[in-house]
Number of protein chains: 6
Amino acid sequence: MAFDLVTLGETMIRLSPPVPQRLEQTAVLEVNIGGAESNVAIALARLGFRTAWLSRLPDNAWGQRIARTLRAHGVDVSGVIWAAGERVGTYFVEYGSPPRPIQVLYDRADSAMSRMQPDDVAWSVVQQGRVVHCTGITPALSPSCAEVVRMVMQRARAQGALVSFDLNYRALLWSPAAAAAVLDDYCSLAHLVFAAWRDLETLFGVEGSPEEIAPNLRQRWGCDILVITLGDAGSLACDGRQVARAAAYPVEIVDRLGAGDAFDAGFIAARLQGRALDGALRYGAALSALCMTIPSDLALVSAAEVEAILTQDGPAIRR
Amino acid sequence: MAFDLVTLGETMIRLSPPVPQRLEQTAVLEVNIGGAESNVAIALARLGFRTAWLSRLPDNAWGQRIARTLRAHGVDVSGVIWAAGERVGTYFVEYGSPPRPIQVLYDRADSAMSRMQPDDVAWSVVQQGRVVHCTGITPALSPSCAEVVRMVMQRARAQGALVSFDLNYRALLWSPAAAAAVLDDYCSLAHLVFAAWRDLETLFGVEGSPEEIAPNLRQRWGCDILVITLGDAGSLACDGRQVARAAAYPVEIVDRLGAGDAFDAGFIAARLQGRALDGALRYGAALSALCMTIPSDLALVSAAEVEAILTQDGPAIRR
Amino acid sequence: MAFDLVTLGETMIRLSPPVPQRLEQTAVLEVNIGGAESNVAIALARLGFRTAWLSRLPDNAWGQRIARTLRAHGVDVSGVIWAAGERVGTYFVEYGSPPRPIQVLYDRADSAMSRMQPDDVAWSVVQQGRVVHCTGITPALSPSCAEVVRMVMQRARAQGALVSFDLNYRALLWSPAAAAAVLDDYCSLAHLVFAAWRDLETLFGVEGSPEEIAPNLRQRWGCDILVITLGDAGSLACDGRQVARAAAYPVEIVDRLGAGDAFDAGFIAARLQGRALDGALRYGAALSALCMTIPSDLALVSAAEVEAILTQDGPAIRR
Amino acid sequence: MAFDLVTLGETMIRLSPPVPQRLEQTAVLEVNIGGAESNVAIALARLGFRTAWLSRLPDNAWGQRIARTLRAHGVDVSGVIWAAGERVGTYFVEYGSPPRPIQVLYDRADSAMSRMQPDDVAWSVVQQGRVVHCTGITPALSPSCAEVVRMVMQRARAQGALVSFDLNYRALLWSPAAAAAVLDDYCSLAHLVFAAWRDLETLFGVEGSPEEIAPNLRQRWGCDILVITLGDAGSLACDGRQVARAAAYPVEIVDRLGAGDAFDAGFIAARLQGRALDGALRYGAALSALCMTIPSDLALVSAAEVEAILTQDGPAIRR
Amino acid sequence: MAFDLVTLGETMIRLSPPVPQRLEQTAVLEVNIGGAESNVAIALARLGFRTAWLSRLPDNAWGQRIARTLRAHGVDVSGVIWAAGERVGTYFVEYGSPPRPIQVLYDRADSAMSRMQPDDVAWSVVQQGRVVHCTGITPALSPSCAEVVRMVMQRARAQGALVSFDLNYRALLWSPAAAAAVLDDYCSLAHLVFAAWRDLETLFGVEGSPEEIAPNLRQRWGCDILVITLGDAGSLACDGRQVARAAAYPVEIVDRLGAGDAFDAGFIAARLQGRALDGALRYGAALSALCMTIPSDLALVSAAEVEAILTQDGPAIRR
Amino acid sequence: MAFDLVTLGETMIRLSPPVPQRLEQTAVLEVNIGGAESNVAIALARLGFRTAWLSRLPDNAWGQRIARTLRAHGVDVSGVIWAAGERVGTYFVEYGSPPRPIQVLYDRADSAMSRMQPDDVAWSVVQQGRVVHCTGITPALSPSCAEVVRMVMQRARAQGALVSFDLNYRALLWSPAAAAAVLDDYCSLAHLVFAAWRDLETLFGVEGSPEEIAPNLRQRWGCDILVITLGDAGSLACDGRQVARAAAYPVEIVDRLGAGDAFDAGFIAARLQGRALDGALRYGAALSALCMTIPSDLALVSAAEVEAILTQDGPAIRR
């Protein structure tokens, strides 16, 4: 097993006005990259795990920039397919101070990734993954992408990997009904499912207490562990024996994007380290809190920094 | 009636250090424009109303920049007088995090606008205004400006327009006594008067509850509607039949300047749309709240965004 | 005739790293707009002519930004079609200091404009144009755009407008053979044709002296005036009676993009002012030279500045 | 007495990413200077006092920049020793939004100042100080610096100056045990001692109520006045007769660094003006609060601004 | 004699778009200061001379910033008059790449300095000047300023100082005829006159070879030394015995403003050091060349750097 | 052989004011990395070769940033030694427009790399290098570094690798005499020696024509190939059979630093591709020219871009 985690998905160029400006008034856009799956791969690589990311990228300055960023953080990108003359998706993020919402303007249609076919998957890399992680964004990109994710999850399961899946509903990509119909099946392919409570409400109409709902959903999908994130209200995980809970860490938010991916990465990292359910939730919450203090989708954080949060140790100024 | 609103006033170049820097330390100044009346005209134009702005500008890069900005947002500037060789007013805005105040350093003396004469007014434009809006800033600029505003309000009244007036006391331009003596008369020329409670205290020594004071002031000035803004405490309006109130929307403030103008614009827009007094206060409050989240005096906001605030609808991240 | 010039085409968001950085290394992208046809409309509007621009734009922050920019400079955009949910084209401009070339990375496929249909054309605006201007870029966008341009040129011709056409070959959009086949016809629909000598070589294999070739091409297309630009070597125009020439003005180039459009605008402006062929070439050359000193595709220049170049008047520092 | 205050210490170049970025991601570092002792000298000079600063600087762009900055604010630097070919210390400040701490990365080893010898001290300047101020940072730099500070404090005491000392423990420079052993003696050399309660806990293991501890410590060191700062909980001072207290002013913190130095400067300024203990604490608290609203270690504040805080006077916007 | 040079004049805030942007398009303005006389004082102070600057400044953030900048470079500003509530002049500098000129937009009317009266002059400072330097800009500011300069030059002459005067014609302040009438007299009050050949042509209609004209002009004004600068063609000086010449150093110009002031400062410095006429011209040329490589009106240069230019010593990269 | 090239050396954080500002005036410093050896490794990795870099780095934000940058470009850094609590070298680069020189201010003493010992070398990585490359900078860092380089070159030679050495004299690190004494020996250990003609003059006092000197030096050092670079005058290489020459490509220089390293990388790349001496010189010259157009020490260039220079193909604008 060369990799602790292998993941597959779309990563885009993120362009955002300097906070707190609006798109309409800004003279410049800050350039970053972001993608739910690569965010997880990068976060785990920074924590010391061996990770690989599969995707399809155009062979231009933007595609190469994405690959270079992942490589910088230690993620293996040897399985990326390079597509001449195609485009990379972009998204414009406009931060809003309340009551103005954060607004994301996607320009991702017909990206190189959206044209991925099963033949484009580097199966030899998939085979080497101890954990294989996918999200509910990719099936929304195109029918071929939906097929790719299904095959990746099925084969990973068959080969004995732990299959992880984050529901990750994107309202700008498809309707709740369309997403629910598709994603229900994908959840059934995973051993470990992450879902935001808000998405569960939107897609599956769940009502009531998350503690009560979680075991039912876990049973419905037949997964080993179901993790539900509740925003400021923390998170919970159930594995058939127990429902563990963890609070969210208080945070002065700088950039909310990527927080969910950081949570996933933290939870997976903690499980790979052998931590219990509640410890894994806390680890995810700590990494997620740190991620929200950094102006990037990426969790530019070290394991030592996560530990410092967990132990609540140290002064507010280190000098 | 070609215009829903015609307004007249001074617009200046606003130069501000990047927040949170001080004037004395900054390497650069950010360039924007601002003027109480043009702020109203721009906000209304963006909401879909036809507006025109009258003023006097020097025919140099700054004067043209002001006109171009108004035109960009759809405000008619064909009635502007171009004055060769004169100067535009500037103001330097230094944001202060509490307890440090926001400090405005005006350098506006002897601007092209301050030299405006009644003959400079494009009366043909004034005649086409359904609403004609002025503020208490302009009479403070010069005697000729005071005369211009008086004539505009008188003629607008005579021609059947709804005359709107915002008290807008500027302590750096004149003393409370001088302002009170002058502005009392102007309020009597208006159908619709906007006043900050703080200014009413400073100029007219009002005391007690705004709900009780409002009807008295309305009677004193003989106006149809008196609107009083109370900062975080919201706003109220009285029209002889009732005193309506609205709360302020909670907002993480980015740039407080222009909030009052946005409120005026929102209230006027709502009245033009036929909303009741309380609905108009809420509409003004929503536009004002959004304006404070944007680093500009201008309310760079769309009607749809105001509606979303009013209906409290939608998630904090739209993606 | 409400408009001196009406034009139709695609305008995109231009994103460029601060010079001299590369796309791969930049932390920010500067935001501008650019489009061959709107560049001409803006330049002419700034020179005092009444112009209108027709296009199809998505109703989002970028589409509105494009429209606002044109409006700021005085271009009428009332004929623009607003397309909900579609995308605006973008292009990334990476400046290169020689021997590194300027590289343009287009991401314009499937833009709102590329989906324009003849029914989307505001024919009432076209009818009011004294000059109607199109370019060889638009036919390359899509078959429907090719049809739109053809119809606009034909109807304009029929209604008695002066039809102007810039060959404007874009190698990244189509092959020389494909372009030559199509654009030959469009040149035949125009009274005034602009062509870069380099494009004539690439598309039509012309060889030898531009002075000799020009009359033949003019005859082939049956146009009134053929203008050929020769880069540093200046420009020439032939109208059947004479071949006029003008030198290029020496310029320390800041931003080469938009120089050709500025030349077109200058030539057209000069003709509308009644200048002779050689005077019009010089006017175009002067506007083009100024445009290249400004970091934007737009010719942010006034008529007085063009005149100062033509008369070579004034010191290098004006203080 | 030419100077109200003479101080000696190390000043460094402060390099910090634009907030809220991390060192690892930033494209630029903002350049400032900072040093506990020069911060005090600058703050007092700005309040109208005559101050001088002694140090050792390399004769390069950074050393000169430090001297120029002090001179700009009116601090006498004629006693600085210029050391050819040596280095200035630098420190990298990474702001962290909670729960991420502010992290300071020092690169100050072997700086020109750390090599200061007693012979380098401009004793003629020391002799002219009404107050002579040192801090517990300097003894940690090198044995020769420890000797320099001891001699400065002893001679100042002998010549009749008021000797002031801020404990200022820096955990990145030495251990609590090492610091406690050394600094205990220095406190005994001072008439006026400033200490953060947190440092007292760390170094001397004090426990319980500051009000009770303060008189004991004062007696132990034999100083006239002991001032203890308690962060958000305010400050207290005891002089043998009384224990005065002052609250901290509520502040929206922009840059916490330098707040302690501003407090010292404010307290000393107030004493020089003849204010009582509690008035001096309040003055220190006001200057400290303003300092935290400014993105710099320096208290870029005027006496009038401090007075406005003390009198709680004036609106949040001055226009 | 406490000062090697005392000078009096107006210093303004210089606001300029980042090169190569235009005022109309820039999002920010870079903040610097500039004034012909303070430029000379700063340049000389940096070369090691004791200098003082007299002026009148408003007591606000901009006035203080000007004083702080001079103090930072070691110029004595104790003779500055602080004027409450007045304004500082500003000027907007728009760099132009040829053929676009550099354009300066002055907004300096009614500045604090323009209101200076003879009683405002710190005569005790004037008396301590070995050289007293004025320019032809100040008399153009106001009648009282013209009187101030006349009195300063007369008294300096009377007290035995070397009186220096730079003609410095500013076309945006007055007409050639008005300036010639006034400045002719001032030149007669000076021992050392600096004049740009271009200004001599404009004001006095000189024609022919500078070598021939110089002695005549020197005789006309009765000055000891007349220095004429010729731009790229270098400079010449005549003292009655000889006409010395020096070439200009080749320079890749970054910022042309302040080059003349740097030349003056270099020439005066060299004379104070006892250099011959031609050596002084070369010194002035070297300082001027370096000044033009720096984005500021100020000659941010050291004596060692000037020497390196004079000796043409050293590689293009120092590492 | 896992690596086409293995190299060892120091890489530093490069801090530079935005061009054309001076260190003394800049508000920010741009952050990059640079090191002669890692520049070569990065350039080759980008051209498609497998490279590894050995060094010693502190385990802090700067050390990690250096490693991440190399990894991003595909350089193996698994052999780097991580040193807790140590420092990374920094250098400040101030660009100078002629006649002002580029000035480099090193702050590199006592860096983690300067403390490298032979035991720190990852010999297993050295063994896998087809080419092993060192420079004359490393022996100047410390005696232990000198020993490290000697051992690396000796063992690489013994194991059959091609040993490459760039003389790279740094005048700010040691005197010509000291450097000549040491570097003479290192040249004798290499198969391939790169030297700037200027350095040969400085260190070894060579005189006359490079073509005549080259064979003598090659014989003296017993190397297979000696490459001499001559700045604008191009380069030459001699291998015992011939002296090949190549011209330099004309270039508008943006950033001269790193040009020599890019030349080395280009020459080595070309040799690995089997090109002849003159072809390799041209390849080096092309890569070097492109490197100088990019604001970084790194040659952020692709193989395709080098080929385009070699074939002089393509327009100045690619669109």
# chains A, B, ... in the order shown; residues from 1 in each chain; ligands from 1

call {"tool": "interface_residues", "arguments": {"of": "chain A", "to": "chain C", "cutoff": "12 Å", "atoms": "only C-alpha atoms", "output": "PyMOL selection string"}}
result
chain A and resi 13-18+22-33+58-69+85-94+103-111+172-173

call {"tool": "select_by_dssp", "arguments": {"residues": "range 31-174 of chain C", "states": "strand (DSSP E)", "output": "number ranges by chain"}}
result
C: 31-34, 51-54, 56-58, 81-83, 90-94, 102-107, 129-135, 162-166

call {"tool": "write_last_selection", "arguments": {"atoms": "N, CA and C atoms", "output": "CSV table (one decimal), in the first residue's frame"}}
result
chain,number,residue,atom,x,y,z
C,31,VAL,N,-7.9,42.9,-13.2
C,31,VAL,CA,-9.2,42.7,-13.9
C,31,VAL,C,-9.5,43.9,-14.8
C,32,ASN,N,-9.6,43.6,-16.1
C,32,ASN,CA,-10.0,44.6,-17.0
C,32,ASN,C,-11.0,44.0,-18.0
C,33,ILE,N,-11.5,44.8,-18.9
C,33,ILE,CA,-12.4,44.2,-19.9
C,33,ILE,C,-11.7,44.5,-21.3
C,34,GLY,N,-12.1,43.7,-22.3
C,34,GLY,CA,-11.6,44.0,-23.6
C,34,GLY,C,-12.4,43.2,-24.6
C,51,THR,N,-22.0,56.4,-29.7
C,51,THR,CA,-21.8,55.1,-30.1
C,51,THR,C,-22.7,54.1,-29.3
C,52,ALA,N,-23.0,53.0,-30.0
C,52,ALA,CA,-23.8,51.9,-29.3
C,52,ALA,C,-23.1,50.6,-29.6
C,53,TRP,N,-23.3,49.7,-28.6
C,53,TRP,CA,-22.6,48.4,-28.7
C,53,TRP,C,-23.7,47.3,-28.4
C,54,LEU,N,-23.7,46.3,-29.3
C,54,LEU,CA,-24.7,45.2,-29.2
C,54,LEU,C,-23.9,44.0,-28.8
C,56,ARG,N,-24.3,40.0,-26.2
C,56,ARG,CA,-25.1,39.2,-25.4
C,56,ARG,C,-24.3,38.9,-24.1
C,57,LEU,N,-24.8,39.2,-23.0
C,57,LEU,CA,-24.0,39.1,-21.7
C,57,LEU,C,-24.8,38.3,-20.7
C,58,PRO,N,-24.1,37.6,-19.8
C,58,PRO,CA,-24.8,36.9,-18.7
C,58,PRO,C,-25.1,37.9,-17.7
C,81,ILE,N,-28.4,42.0,-25.0
C,81,ILE,CA,-29.3,41.0,-24.5
C,81,ILE,C,-28.7,40.3,-23.2
C,82,TRP,N,-29.5,40.2,-22.2
C,82,TRP,CA,-29.1,39.7,-20.9
C,82,TRP,C,-29.5,38.2,-20.8
C,83,ALA,N,-28.5,37.3,-20.6
C,83,ALA,CA,-28.8,35.9,-20.7
C,83,ALA,C,-28.5,35.3,-19.3
C,90,THR,N,-13.5,34.7,-20.8
C,90,THR,CA,-12.4,35.3,-20.1
C,90,THR,C,-11.1,35.1,-20.9
C,91,TYR,N,-10.2,36.0,-20.7
C,91,TYR,CA,-8.8,35.7,-21.4
C,91,TYR,C,-7.8,36.1,-20.4
C,92,PHE,N,-6.7,35.3,-20.3
C,92,PHE,CA,-5.6,35.6,-19.5
C,92,PHE,C,-4.5,36.1,-20.3
C,93,VAL,N,-4.0,37.3,-20.0
C,93,VAL,CA,-2.9,37.9,-20.7
C,93,VAL,C,-1.6,37.9,-19.9
C,94,GLU,N,-0.6,37.2,-20.4
C,94,GLU,CA,0.7,37.2,-19.8
C,94,GLU,C,1.7,38.0,-20.6
C,102,ILE,N,4.2,37.8,-25.7
C,102,ILE,CA,2.9,38.0,-25.0
C,102,ILE,C,2.1,36.8,-25.2
C,103,GLN,N,1.6,36.2,-24.2
C,103,GLN,CA,0.7,35.0,-24.4
C,103,GLN,C,-0.7,35.2,-23.9
C,104,VAL,N,-1.6,34.9,-24.8
C,104,VAL,CA,-3.1,35.1,-24.4
C,104,VAL,C,-3.6,33.7,-24.3
C,105,LEU,N,-4.2,33.4,-23.2
C,105,LEU,CA,-4.9,32.1,-23.0
C,105,LEU,C,-6.4,32.4,-22.9
C,106,TYR,N,-7.0,32.0,-24.0
C,106,TYR,CA,-8.5,32.2,-24.1
C,106,TYR,C,-9.3,31.1,-23.3
C,107,ASP,N,-10.3,31.6,-22.6
C,107,ASP,CA,-11.3,30.6,-22.0
C,107,ASP,C,-12.6,31.2,-22.4
C,129,GLY,N,-27.4,53.7,-36.9
C,129,GLY,CA,-26.0,53.9,-37.0
C,129,GLY,C,-25.5,54.5,-38.3
C,130,ARG,N,-24.8,55.6,-38.2
C,130,ARG,CA,-24.2,56.2,-39.4
C,130,ARG,C,-23.1,55.3,-39.9
C,131,VAL,N,-22.3,54.8,-39.0
C,131,VAL,CA,-21.3,53.7,-39.3
C,131,VAL,C,-21.7,52.5,-38.6
C,132,VAL,N,-21.6,51.3,-39.2
C,132,VAL,CA,-21.8,50.0,-38.5
C,132,VAL,C,-20.5,49.2,-38.7
C,133,HIS,N,-20.0,48.8,-37.5
C,133,HIS,CA,-18.6,48.2,-37.5
C,133,HIS,C,-18.6,46.8,-37.0
C,134,CYS,N,-18.0,45.9,-37.7
C,134,CYS,CA,-17.9,44.5,-37.2
C,134,CYS,C,-16.4,44.1,-37.4
C,135,THR,N,-16.1,42.9,-36.8
C,135,THR,CA,-14.8,42.4,-37.0
C,135,THR,C,-14.8,40.9,-37.3
C,162,LEU,N,-22.5,53.3,-43.5
C,162,LEU,CA,-21.2,53.0,-43.9
C,162,LEU,C,-20.8,51.8,-43.2
C,163,VAL,N,-20.5,50.7,-43.9
C,163,VAL,CA,-20.2,49.4,-43.2
C,163,VAL,C,-18.6,49.3,-43.1
C,164,SER,N,-18.2,49.1,-41.9
C,164,SER,CA,-16.8,49.0,-41.6
C,164,SER,C,-16.5,47.6,-41.1
C,165,PHE,N,-15.3,47.0,-41.4
C,165,PHE,CA,-15.0,45.7,-41.0
C,165,PHE,C,-13.5,45.6,-40.8
C,166,ASP,N,-13.1,45.0,-39.7
C,166,ASP,CA,-11.7,44.7,-39.4
C,166,ASP,C,-11.5,43.2,-39.5

call {"tool": "residues_around", "arguments": {"residues": "range 277-291 of chain B", "least_positions_apart": "2", "cutoff": "7 Å", "atoms": "only C-alpha atoms", "output": "list in words"}}
result
Pro99 and Arg100 of chain A; Ser235, Ala237, Ala244, Arg245, Ala246, Ala248, Tyr249, Val251, Ala259, Gly260, Ala262, Phe263, Asp264, Ala265, Gly266, Phe267, Ala270, Arg271, Arg275, Thr293, Ile294, Leu298, Ala299, Leu300, Val306, Ile309 and Leu310 of chain B

call {"tool": "write_last_selection", "arguments": {"atoms": "C-alpha atoms", "output": "JSON list (two decimals), in the first residue's frame"}}
result
[["chain", "number", "residue", "atom", "x", "y", "z"],
["A", 99, "PRO", "CA", -25.92, 40.00, 6.46],
["A", 100, "ARG", "CA", -24.35, 39.77, 3.01],
["B", 235, "SER", "CA", -35.70, 54.09, 12.48],
["B", 237, "ALA", "CA", -41.41, 57.50, 10.28],
["B", 244, "ALA", "CA", -44.12, 53.42, 12.12],
["B", 245, "ARG", "CA", -40.94, 51.78, 13.40],
["B", 246, "ALA", "CA", -38.40, 49.37, 12.03],
["B", 248, "ALA", "CA", -31.94, 47.90, 12.15],
["B", 249, "TYR", "CA", -30.54, 44.73, 10.63],
["B", 251, "VAL", "CA", -24.49, 43.88, 10.44],
["B", 259, "ALA", "CA", -25.20, 54.12, 5.23],
["B", 260, "GLY", "CA", -27.51, 57.08, 5.75],
["B", 262, "ALA", "CA", -28.48, 54.17, 1.34],
["B", 263, "PHE", "CA", -31.26, 54.35, 3.89],
["B", 264, "ASP", "CA", -32.75, 57.40, 2.16],
["B", 265, "ALA", "CA", -32.50, 55.70, -1.23],
["B", 266, "GLY", "CA", -34.12, 52.56, 0.09],
["B", 267, "PHE", "CA", -36.97, 54.44, 1.72],
["B", 270, "ALA", "CA", -39.92, 51.58, -1.46],
["B", 271, "ARG", "CA", -42.32, 54.52, -1.51],
["B", 275, "ARG", "CA", -44.83, 50.22, 0.04],
["B", 293, "THR", "CA", -20.78, 45.58, 4.32],
["B", 294, "ILE", "CA", -19.16, 47.12, 1.23],
["B", 298, "LEU", "CA", -21.81, 53.61, -2.61],
["B", 299, "ALA", "CA", -24.52, 51.01, -2.10],
["B", 300, "LEU", "CA", -23.21, 48.54, -4.69],
["B", 306, "VAL", "CA", -32.23, 43.75, -0.77],
["B", 309, "ILE", "CA", -32.34, 40.48, 3.32],
["B", 310, "LEU", "CA", -35.98, 41.39, 3.74]]

call {"tool": "select_by_dssp", "arguments": {"residues": "range 78-301 of chain B", "states": "helix (DSSP H, G or I)", "output": "PyMOL selection string"}}
result
chain B and resi 113-115+118-120+123-126+138-140+143-159+176-188+197-204+210-221+231-233+259-272+277-292

call {"tool": "atom_distance", "arguments": {"atom1": "CA of Leu203 in chain C", "atom2": "CA of Pro176 in chain C"}}
result
5.1 Å

call {"tool": "residues_around", "arguments": {"residues": "Ala161 in chain A", "least_positions_apart": "5", "cutoff": "10 Å", "atoms": "only C-alpha atoms", "output": "list in words"}}
result
Met1, Asp4, Leu5, Val6, Val126, Gln127, Gln128, Gly129, Arg130, Val131, Val132, His133, Met153, Gln154, Arg155, Ala156 and His191 of chain A

call {"tool": "residues_around", "arguments": {"residues": "Gly136 in chain F", "least_positions_apart": "5", "cutoff": "12 Å", "atoms": "only C-alpha atoms", "output": "count of residues only"}}
result
39
